[in-house]
Amino acid sequence: MGERRRIVLKMSGEALASSASDETIDASVVERVAGEIAEALAELPLELAVMIGGGNIWRGSTGAGAGMDRATSDSMGMLGTVINALALQDALERKDQPTRVLTAVHMAEVAEPYIRRRAIRHLEKGRVVIFAAGMGNPYFTTDTSAALRAAEIEAELLLKGTHGGVDGVYSADPRLDPSATRFDELSFMDVVAKDLRVMDLTAITFCKDNRVPILVFDVMGPGNLRRALSGERIGTLVR
Ligand code: UDP
């Protein structure tokens, strides 16, 4: 087998929700994302794992803010990611792209448990691995989980797909400040020192310590996902 790039894509749950309707998961959005992934994999020498978030369904901090037990609220968030993972799996398989959902919280009737060597084996066999339930621990996010899995499976790049119309990392929020400029490339130290919003700080420091480069790009722009997967330098590279 020739050289295949191994990539982890982090997608927020909210990217699967619809701005057009109030659906929690918009089937047409999931279908488009799945289509871009399937096309890219059919053409490019790639191994792809997707870490899917759950913010469209539940965020641990929401419940904790309302007085809920934090760990319980985070468990609810993790379960939300499983719902999204199954939606993405379904859409990918309807594009004839084989997949495996691997959950960090065991639910054997629904999906396989996450086992590192098994994840790698699936990737080698050309299956898209969908990581669900983050890393299985409360107090963490799926951003940090994506960073952890990227290091574990020795991915060469972590793709962080944004969704609010911001196509990379800017000097300020471009939706509020018209003078904001986009960085083509940043160091991890820059991100921390300038307090730039890329991923949460735990994820950033993890990627820094373990040398996992991050490409931040707008996953909602049609064709962007394929571009990012094909190695085009869109968005902002943090390394
Ligand atoms: N979560 C968790 N541990 C993990 C990953 C996720 O407790 O390892 C919970 C946490 O409550 C989080 C929720 O799952 O708020 C949904 O994940 P996240 O907020 O990262 O989703 P996204 O913002 O990417 O949609």
# chains A, B, ... in the order shown; residues from 1 in each chain; ligands from 1

$ residues_near_ligand --ligand "ligand 1" --cutoff "9 Å" --atoms "only C-alpha atoms and all ligand atoms" --output "PyMOL selection string"
chain A and resi 10-16+51-63+70-81+104+132-146

$ residues_around --residues "Leu9 in chain A" --least-positions-apart "3" --cutoff "6 Å" --atoms "only C-alpha atoms" --output "VMD selection string"
chain A and resid 50 158 to 159

$ closest_residue --among "A:Val8, A:Ala87, A:Ala203, A:Ala147" --to "Ala119 in chain A" --atoms "only C-alpha atoms"
A:Val8

$ select_by_dssp --residues "range 64-194 of chain A" --states "strand (DSSP E or B)" --output "list in words"
Thr99, Arg100, Val101, Leu102, Thr103, Glu112, Pro113, Val128, Val129, Ile130, Phe131, Ala132, Leu157, Leu158, Leu159, Lys160, Gly161, Thr162, Val169, Tyr170, Arg182, Phe183, Glu185 and Leu186 of chain A

$ residues_around --residues "Val128 in chain A" --least-positions-apart "3" --cutoff "6 Å" --atoms "only C-alpha atoms" --output "VMD selection string"
chain A and resid 48 to 49 99

$ residues_around --residues "range 191-197 of chain A" --least-positions-apart "5" --cutoff "10 Å" --atoms "only C-alpha atoms" --output "PyMOL selection string"
chain A and resi 168-173+186+204-205+238-239

$ residues_around --residues "Ser28 in chain A" --least-positions-apart "2" --cutoff "10 Å" --atoms "only C-alpha atoms" --output "list in words"
Leu16, Ala17, Ser18, Ile25, Asp26, Val30, Glu31, Arg32, Val33, Ala34 and Ala91 of chain A

$ residues_around --residues "range 5-7 of chain A" --least-positions-apart "3" --cutoff "6 Å" --atoms "only C-alpha atoms" --output "PyMOL selection string"
chain A and resi 46-48+155-157

$ select_by_dssp --residues "range 15-210 of chain A" --states "alpha helix (DSSP H)" --output "PyMOL selection string"
chain A and resi 27-43+60-65+70-94+116-124+142-152+188-193+201-210

$ residues_around --residues "Ala228 in chain A" --least-positions-apart "2" --cutoff "12 Å" --atoms "only C-alpha atoms" --output "count of residues only"
36

$ decode --residues "range 108-120 of chain A" --atoms "C-alpha atoms" --output "CSV table (one decimal), in the first residue's frame"
chain,number,residue,atom,x,y,z
A,108,ALA,CA,-22.1,-2.5,22.1
A,109,GLU,CA,-25.5,-2.8,20.6
A,110,VAL,CA,-25.1,0.4,18.7
A,111,ALA,CA,-21.4,0.7,17.8
A,112,GLU,CA,-18.0,-0.9,18.5
A,113,PRO,CA,-16.0,0.2,21.5
A,114,TYR,CA,-13.0,2.4,20.8
A,115,ILE,CA,-9.9,0.3,20.7
A,116,ARG,CA,-6.9,2.1,19.3
A,117,ARG,CA,-5.5,-0.8,17.3
A,118,ARG,CA,-8.9,-1.6,15.9
A,119,ALA,CA,-9.4,2.0,14.8
A,120,ILE,CA,-6.1,1.9,12.9
